[in-house]
$ cat coords_4.csv   # CSV, C-alpha atoms
chain,number,residue,atom,x,y,z
U,1,MET,CA,125.4,-214.4,-186.3
U,2,CYS,CA,124.1,-210.9,-185.8
U,3,VAL,CA,127.2,-209.4,-187.4
U,4,PHE,CA,126.9,-211.7,-190.3
U,5,LEU,CA,123.3,-210.6,-190.9
U,6,LEU,CA,124.3,-207.0,-190.7
U,7,LEU,CA,127.0,-207.5,-193.3
U,8,LEU,CA,124.6,-209.3,-195.5
U,9,MET,CA,122.1,-206.4,-195.3
U,10,PHE,CA,124.7,-203.8,-196.2
U,11,ALA,CA,126.0,-206.0,-199.1
U,12,TRP,CA,122.4,-206.4,-200.5
U,13,LYS,CA,121.5,-202.7,-200.2
U,14,GLY,CA,121.7,-201.0,-203.5
U,15,LYS,CA,121.4,-204.2,-205.6
U,16,SER,CA,118.8,-204.3,-208.3
U,17,ASP,CA,116.1,-206.9,-208.7
U,18,THR,CA,116.5,-207.3,-212.5
U,19,SER,CA,113.8,-210.0,-212.6
U,20,MET,CA,111.1,-207.5,-212.3
U,21,ARG,CA,109.0,-207.1,-215.5
U,22,ILE,CA,108.8,-203.7,-217.0
U,23,SER,CA,105.6,-202.3,-218.5
U,24,VAL,CA,106.0,-199.0,-220.4
U,25,VAL,CA,102.9,-196.8,-220.7
U,26,ILE,CA,102.8,-194.1,-223.3
U,27,PRO,CA,99.7,-191.9,-223.7
U,28,ALA,CA,99.6,-190.3,-227.2
U,29,HIS,CA,97.6,-187.7,-229.0
U,30,ASN,CA,98.7,-187.0,-232.6
U,31,GLU,CA,102.3,-188.0,-232.0
U,32,ALA,CA,103.0,-189.8,-235.3
U,33,SER,CA,106.0,-187.6,-236.0
U,34,THR,CA,107.8,-188.5,-232.8
U,35,LEU,CA,106.4,-191.8,-231.5
U,36,SER,CA,108.6,-194.1,-233.5
U,37,GLN,CA,111.8,-192.4,-232.1
U,38,VAL,CA,110.3,-192.7,-228.6
U,39,LEU,CA,109.6,-196.4,-229.1
U,40,VAL,CA,113.1,-197.1,-230.5
U,41,GLU,CA,114.6,-196.0,-227.2
U,42,VAL,CA,112.0,-197.8,-225.2
U,43,GLU,CA,112.6,-201.1,-227.0
U,44,LYS,CA,116.3,-201.0,-225.9
U,45,LEU,CA,115.0,-201.6,-222.3
U,46,LYS,CA,113.6,-204.9,-223.4
U,47,PRO,CA,110.3,-204.3,-221.5
U,48,TYR,CA,107.7,-207.0,-220.9
U,49,GLU,CA,105.2,-204.8,-222.8
U,50,ILE,CA,104.7,-201.4,-224.3
U,51,ILE,CA,101.2,-200.0,-224.0
U,52,VAL,CA,100.3,-197.0,-226.2
U,53,VAL,CA,97.0,-195.4,-225.3
U,54,ASP,CA,95.9,-193.5,-228.4
U,55,ASN,CA,93.8,-190.7,-227.1
U,56,GLY,CA,91.8,-189.6,-230.1
U,57,SER,CA,94.6,-189.3,-232.6
U,58,THR,CA,93.8,-188.5,-236.3
U,59,ASP,CA,97.4,-188.5,-237.7
U,60,GLY,CA,98.2,-192.2,-237.8
U,61,THR,CA,99.7,-192.5,-234.3
U,62,ASN,CA,97.8,-195.8,-234.0
U,63,GLU,CA,99.6,-197.3,-237.0
U,64,VAL,CA,103.0,-196.2,-235.9
U,65,ALA,CA,102.5,-197.9,-232.5
U,66,LEU,CA,101.3,-201.1,-234.2
U,67,GLN,CA,104.5,-201.2,-236.4
U,68,HIS,CA,106.5,-201.5,-233.2
U,69,SER,CA,104.3,-204.4,-231.9
U,70,CYS,CA,102.9,-202.3,-229.1
U,71,HIS,CA,99.7,-203.1,-227.2
U,72,VAL,CA,97.5,-200.3,-228.5
U,73,ILE,CA,94.4,-199.1,-226.8
U,74,TYR,CA,92.6,-196.8,-229.1
U,75,TYR,CA,89.9,-194.2,-228.3
U,76,LYS,CA,88.2,-192.3,-231.1
U,77,HIS,CA,87.6,-189.3,-228.9
U,78,SER,CA,90.1,-187.7,-226.6
U,79,LEU,CA,89.4,-188.6,-223.0
U,80,GLY,CA,91.4,-185.7,-221.4
U,81,ASN,CA,94.8,-185.2,-220.1
U,82,ASP,CA,96.4,-187.9,-218.0
U,83,VAL,CA,93.5,-190.3,-218.4
U,84,GLY,CA,95.7,-192.3,-220.8
U,85,ARG,CA,98.2,-192.9,-218.0
U,86,ALA,CA,95.5,-194.3,-215.8
U,87,ILE,CA,94.1,-196.6,-218.5
U,88,GLY,CA,97.6,-197.8,-219.3
U,89,ALA,CA,98.3,-198.5,-215.6
U,90,ARG,CA,95.1,-200.5,-215.4
U,91,GLU,CA,96.2,-202.8,-218.3
U,92,ALA,CA,99.9,-203.0,-217.3
U,93,LYS,CA,101.1,-206.4,-216.0
U,94,GLY,CA,104.7,-205.6,-215.1
U,95,GLU,CA,106.0,-205.2,-211.5
U,96,ILE,CA,107.4,-201.8,-212.7
U,97,VAL,CA,105.4,-199.4,-214.7
U,98,LEU,CA,107.4,-196.7,-216.5
U,99,PHE,CA,105.3,-193.7,-217.8
U,100,LEU,CA,106.4,-191.6,-220.8
U,101,ASP,CA,104.9,-189.2,-223.3
U,102,GLY,CA,104.7,-189.8,-227.0
U,103,ASP,CA,106.3,-186.5,-228.0
U,104,ILE,CA,109.5,-186.4,-226.0
U,105,VAL,CA,112.4,-188.7,-227.1
U,106,ILE,CA,114.5,-189.8,-224.2
U,107,GLU,CA,117.6,-192.1,-224.5
U,108,SER,CA,117.2,-195.5,-223.1
U,109,LYS,CA,120.2,-195.1,-220.7
U,110,GLU,CA,118.3,-192.2,-219.1
U,111,LEU,CA,115.1,-194.2,-218.9
U,112,GLN,CA,117.0,-197.1,-217.3
U,113,ARG,CA,117.8,-194.9,-214.2
U,114,PHE,CA,114.1,-194.7,-213.4
U,115,VAL,CA,113.6,-198.4,-213.8
U,116,LYS,CA,116.7,-199.1,-211.7
U,117,GLY,CA,115.3,-197.0,-208.8
U,118,VAL,CA,112.3,-199.3,-208.4
U,119,GLN,CA,114.5,-202.3,-208.9
U,120,GLN,CA,116.6,-201.1,-206.0
U,121,GLY,CA,113.5,-200.8,-203.7
U,122,HIS,CA,112.1,-197.4,-204.2
U,123,GLN,CA,108.3,-197.5,-204.9
U,124,ILE,CA,108.1,-194.3,-207.0
U,125,VAL,CA,110.9,-192.6,-208.9
U,126,VAL,CA,110.1,-189.1,-210.2
U,127,ASN,CA,112.1,-186.8,-212.5
U,128,ASN,CA,114.5,-184.6,-210.5
U,129,LEU,CA,114.0,-181.1,-212.0
U,130,THR,CA,115.5,-179.2,-209.0
U,131,TRP,CA,117.8,-177.5,-211.4
U,132,SER,CA,114.9,-175.7,-213.0
U,133,VAL,CA,114.2,-173.8,-209.7
U,134,TYR,CA,117.6,-172.0,-210.0
U,135,LEU,CA,117.1,-170.7,-213.6
U,136,LYS,CA,117.5,-167.0,-213.9
U,137,MET,CA,113.9,-166.4,-214.4
U,138,ARG,CA,110.7,-166.3,-212.3
U,139,PRO,CA,109.6,-169.9,-211.5
U,140,HIS,CA,106.6,-171.0,-213.5
U,141,TYR,CA,103.3,-171.2,-211.6
U,142,THR,CA,103.2,-174.9,-211.9
U,143,THR,CA,106.7,-175.2,-210.5
U,144,VAL,CA,105.5,-173.2,-207.4
U,145,GLY,CA,102.6,-175.6,-207.1
U,146,LYS,CA,104.8,-178.7,-207.1
U,147,PHE,CA,107.2,-177.1,-204.6
U,148,MET,CA,104.4,-176.2,-202.2
U,149,LEU,CA,102.7,-179.6,-202.3
U,150,ASN,CA,106.0,-181.3,-201.5
U,151,ARG,CA,106.7,-179.0,-198.6
U,152,TYR,CA,103.1,-179.2,-197.3
U,153,LEU,CA,103.5,-183.0,-197.1
U,154,ASN,CA,107.0,-182.8,-195.4
U,155,LYS,CA,108.8,-184.1,-198.5
U,156,LYS,CA,110.8,-180.9,-199.2
U,157,GLU,CA,113.8,-183.0,-200.3
U,158,LEU,CA,111.9,-183.7,-203.5
U,159,VAL,CA,111.8,-179.9,-204.2
U,160,VAL,CA,109.7,-179.9,-207.4
U,161,GLY,CA,109.8,-183.7,-208.0
U,162,SER,CA,106.3,-184.6,-209.3
U,163,LEU,CA,104.2,-187.2,-211.1
U,164,ILE,CA,103.1,-184.3,-213.3
U,165,ALA,CA,106.4,-184.6,-215.2
U,166,ILE,CA,107.7,-187.6,-217.1
U,167,PRO,CA,109.5,-189.9,-217.0
U,168,HIS,CA,108.4,-191.6,-213.7
U,169,ALA,CA,108.3,-195.2,-212.6
U,170,ILE,CA,105.9,-196.7,-210.1
U,171,SER,CA,105.8,-200.2,-208.6
U,172,ARG,CA,102.8,-202.3,-209.4
U,173,GLU,CA,102.2,-202.7,-205.7
U,174,VAL,CA,101.7,-198.9,-205.2
U,175,ILE,CA,99.3,-198.7,-208.2
U,176,GLU,CA,97.2,-201.5,-206.7
U,177,LYS,CA,97.3,-199.9,-203.3
U,178,LEU,CA,96.3,-196.4,-204.3
U,179,GLY,CA,94.1,-197.2,-207.3
U,180,TRP,CA,95.0,-197.0,-211.0
U,181,TRP,CA,92.1,-194.6,-211.6
U,182,ASN,CA,93.7,-192.0,-209.4
U,183,LEU,CA,96.6,-191.6,-211.9
U,184,ALA,CA,94.2,-189.6,-214.0
U,185,ASP,CA,95.1,-186.9,-211.4
U,186,PRO,CA,98.9,-187.1,-210.9
U,187,ALA,CA,99.1,-184.5,-208.1
U,188,LEU,CA,96.4,-186.3,-206.1
U,189,PHE,CA,98.1,-189.7,-206.6
U,190,GLN,CA,101.3,-188.2,-205.4
U,191,ALA,CA,99.6,-186.6,-202.3
U,192,MET,CA,98.0,-190.0,-201.5
U,193,ALA,CA,101.4,-191.7,-201.8
U,194,MET,CA,103.3,-189.2,-199.7
U,195,SER,CA,100.7,-189.2,-197.0
U,196,ARG,CA,100.8,-193.0,-196.7
U,197,GLY,CA,104.6,-193.2,-196.5
U,198,VAL,CA,105.3,-194.5,-199.9
U,199,ASP,CA,109.0,-194.4,-200.7
U,200,ILE,CA,109.5,-191.7,-203.4
U,201,SER,CA,112.9,-190.9,-204.9
U,202,ASP,CA,114.1,-188.3,-207.3
U,203,MET,CA,117.4,-190.2,-208.0
U,204,ALA,CA,117.1,-189.7,-211.8
U,205,SER,CA,117.0,-186.5,-213.8
U,206,VAL,CA,116.4,-185.8,-217.5
U,207,ASP,CA,115.5,-182.5,-219.2
U,208,VAL,CA,111.9,-182.5,-220.3
U,209,ILE,CA,111.4,-178.8,-220.0
U,210,TYR,CA,113.2,-177.5,-223.1
U,211,THR,CA,112.4,-180.6,-225.1
U,212,ASN,CA,108.6,-180.4,-224.4
U,213,LYS,CA,106.6,-179.6,-227.5
U,214,VAL,CA,104.7,-176.3,-227.1
U,215,ARG,CA,101.0,-176.8,-227.8
U,216,PRO,CA,98.1,-174.3,-227.9
U,217,VAL,CA,97.1,-175.4,-224.3
U,218,HIS,CA,100.5,-174.0,-223.2
U,219,THR,CA,99.9,-170.5,-224.5
U,220,GLY,CA,97.2,-167.9,-224.4
U,221,THR,CA,94.5,-167.9,-221.7
U,222,SER,CA,91.5,-170.1,-220.7
U,223,PRO,CA,88.0,-168.7,-221.1
U,224,ASP,CA,87.6,-168.6,-217.3
U,225,SER,CA,91.2,-168.0,-216.2
U,226,PRO,CA,94.0,-165.6,-216.9
U,227,TYR,CA,96.4,-168.5,-217.4
U,228,PRO,CA,96.9,-171.0,-220.3
U,229,LYS,CA,94.7,-174.1,-220.2
U,230,ALA,CA,97.5,-176.5,-219.2
U,231,THR,CA,98.6,-174.1,-216.3
U,232,SER,CA,95.1,-173.8,-215.0
U,233,ARG,CA,94.6,-177.6,-215.1
U,234,ILE,CA,97.8,-178.4,-213.3
U,235,MET,CA,97.2,-175.7,-210.6
U,236,GLY,CA,93.7,-177.0,-210.1
U,237,ASP,CA,95.1,-180.5,-209.7
U,238,HIS,CA,97.4,-179.3,-206.9
U,239,LEU,CA,94.6,-177.6,-205.2
U,240,ARG,CA,92.6,-180.8,-205.4
U,241,ALA,CA,95.5,-182.7,-203.9
U,242,LEU,CA,95.7,-180.2,-201.0
U,243,GLN,CA,92.0,-180.5,-200.5
U,244,TYR,CA,92.3,-184.3,-200.2
U,245,ILE,CA,94.9,-184.0,-197.6
U,246,THR,CA,93.0,-181.5,-195.4
U,247,GLU,CA,89.8,-183.4,-195.7
U,248,THR,CA,91.4,-186.7,-195.0
U,249,TYR,CA,93.9,-185.8,-192.2
U,250,GLY,CA,92.7,-182.4,-191.0
$ encode --input "coords_4.csv" --output "structure tokens"
Amino acid sequence: MCVFLLLLMFAWKGKSDTSMRISVVIPAHNEASTLSQVLVEVEKLKPYEIIVVDNGSTDGTNEVALQHSCHVIYYKHSLGNDVGRAIGAREAKGEIVLFLDGDIVIESKELQRFVKGVQQGHQIVVNNLTWSVYLKMRPHYTTVGKFMLNRYLNKKELVVGSLIAIPHAISREVIEKLGWWNLADPALFQAMAMSRGVDISDMASVDVIYTNKVRPVHTGTSPDSPYPKATSRIMGDHLRALQYITETYG
């Protein structure tokens, strides 16, 4: 009997629970030129729902999303970076929540790998960007921040795997456990997840570095920082995550 149960366990390992509903959350700010292409690939996944959080767009992003029968949550004024992900997670009903951006088109076959990871039992699947560490250039400041956070929390196997980067998929169970509102700070959410033993995998990889649209926040400097606004924000998020860990666990 024991041998039979062991064989059954090994046979089941790696199988996917395809009955799990998929919610796709896409925060968007002035993404009318790319959103339709993003949604075409997402629709191939046959998700339970697609939630577009229109974060203060003025270019018709809202209308593009409605043409694809998305559930659109519109805010007249921008609520800030990553807040859209948190709001989308609050509204999502699926057992799997897949997070994307409205300006990076990713083929459905690539997206499916993130979904499959959660179907197979992982609770979070992040984008494996380990290859970026070995580029013949100095690592970006944010790359170092991701690397250090993972090592600090004894998850060095993730290297630079992070909820800062899309795509990533999270089980509904984890979102409910850690609080949807904490997704407004992805580094903090990841630190909370790792410190509580959540199963995080980087089994899927897609290039979102060279395909990411360069915006003003990625260049120049901030008024109170020598770094671009986006870099300052992401580094600040990682410092906040480290502060949470030291204050909570010593």
$ closest_residue --input "coords_4.csv" --among "U:Ile166, U:Leu45, U:Ala187, U:Val105" --to "Gly236 in chain U" --atoms "all atoms listed in the file"
U:Ala187
$ atom_distance --input "coords_4.csv" --atom1 "CA of Trp180 in chain U" --atom2 "CA of His68 in chain U"
25.4 Å
$ atom_distance --input "coords_4.csv" --atom1 "CA of Asn55 in chain U" --atom2 "CA of His238 in chain U"
23.5 Å
$ closest_residue --input "coords_4.csv" --among "U:Gly121, U:Gly161, U:Gly145, U:Pro228" --to "Ile96 in chain U" --atoms "all atoms listed in the file"
U:Gly121
$ closest_residue --input "coords_4.csv" --among "U:Ser201, U:Asn81, U:Ser171, U:Thr61" --to "Pro186 in chain U" --atoms "only C-alpha atoms"
U:Asn81
$ atom_distance --input "coords_4.csv" --atom1 "CA of Ser16 in chain U" --atom2 "CA of Gln120 in chain U"
4.5 Å
$ closest_atom_pairs --input "coords_4.csv" --of "range 29-129 of chain U" --to "range 205-213 of chain U" --cutoff "12 Å" --atoms "all atoms listed in the file" --output "tab-separated table"
residue	atom	partner	partner_atom	distance
U:Asn30	CA	U:Lys213	CA	12.0
U:Glu31	CA	U:Lys213	CA	10.5
U:Ser33	CA	U:Lys213	CA	11.7
U:Thr34	CA	U:Lys213	CA	10.4
U:Leu100	CA	U:Val208	CA	10.6
U:Asp101	CA	U:Asn212	CA	9.6
U:Gly102	CA	U:Lys213	CA	10.4
U:Asp103	CA	U:Lys213	CA	6.9
U:Ile104	CA	U:Asn212	CA	6.3
U:Val105	CA	U:Thr211	CA	8.3
U:Ile106	CA	U:Val206	CA	8.0
U:Glu107	CA	U:Val206	CA	9.5
U:Ser108	CA	U:Val206	CA	11.2
U:Lys109	CA	U:Val206	CA	10.5
U:Glu110	CA	U:Val206	CA	6.9
U:Leu111	CA	U:Val206	CA	8.6
U:Gln112	CA	U:Ser205	CA	11.2
U:Arg113	CA	U:Ser205	CA	8.4
U:Phe114	CA	U:Ser205	CA	8.7
U:Gly117	CA	U:Ser205	CA	11.8
U:Val125	CA	U:Ser205	CA	9.9
U:Val126	CA	U:Ser205	CA	8.2
U:Asn127	CA	U:Ser205	CA	5.1
U:Asn128	CA	U:Ser205	CA	4.6
U:Leu129	CA	U:Ser205	CA	6.4
$ residues_around --input "coords_4.csv" --residues "Pro27 in chain U" --least-positions-apart "6" --cutoff "12 Å" --atoms "only C-alpha atoms" --output "ChimeraX atom specification"
/U:35,38,50-57,61-62,65,71-75,78-89,98-104,166,184
$ closest_residue --input "coords_4.csv" --among "U:Glu49, U:Asp199, U:Lys155, U:Leu188" --to "Gln243 in chain U" --atoms "all atoms listed in the file"
U:Leu188
$ closest_residue --input "coords_4.csv" --among "U:Val24, U:Ala32, U:Ala230, U:Tyr249" --to "Tyr141 in chain U" --atoms "all atoms listed in the file"
U:Ala230
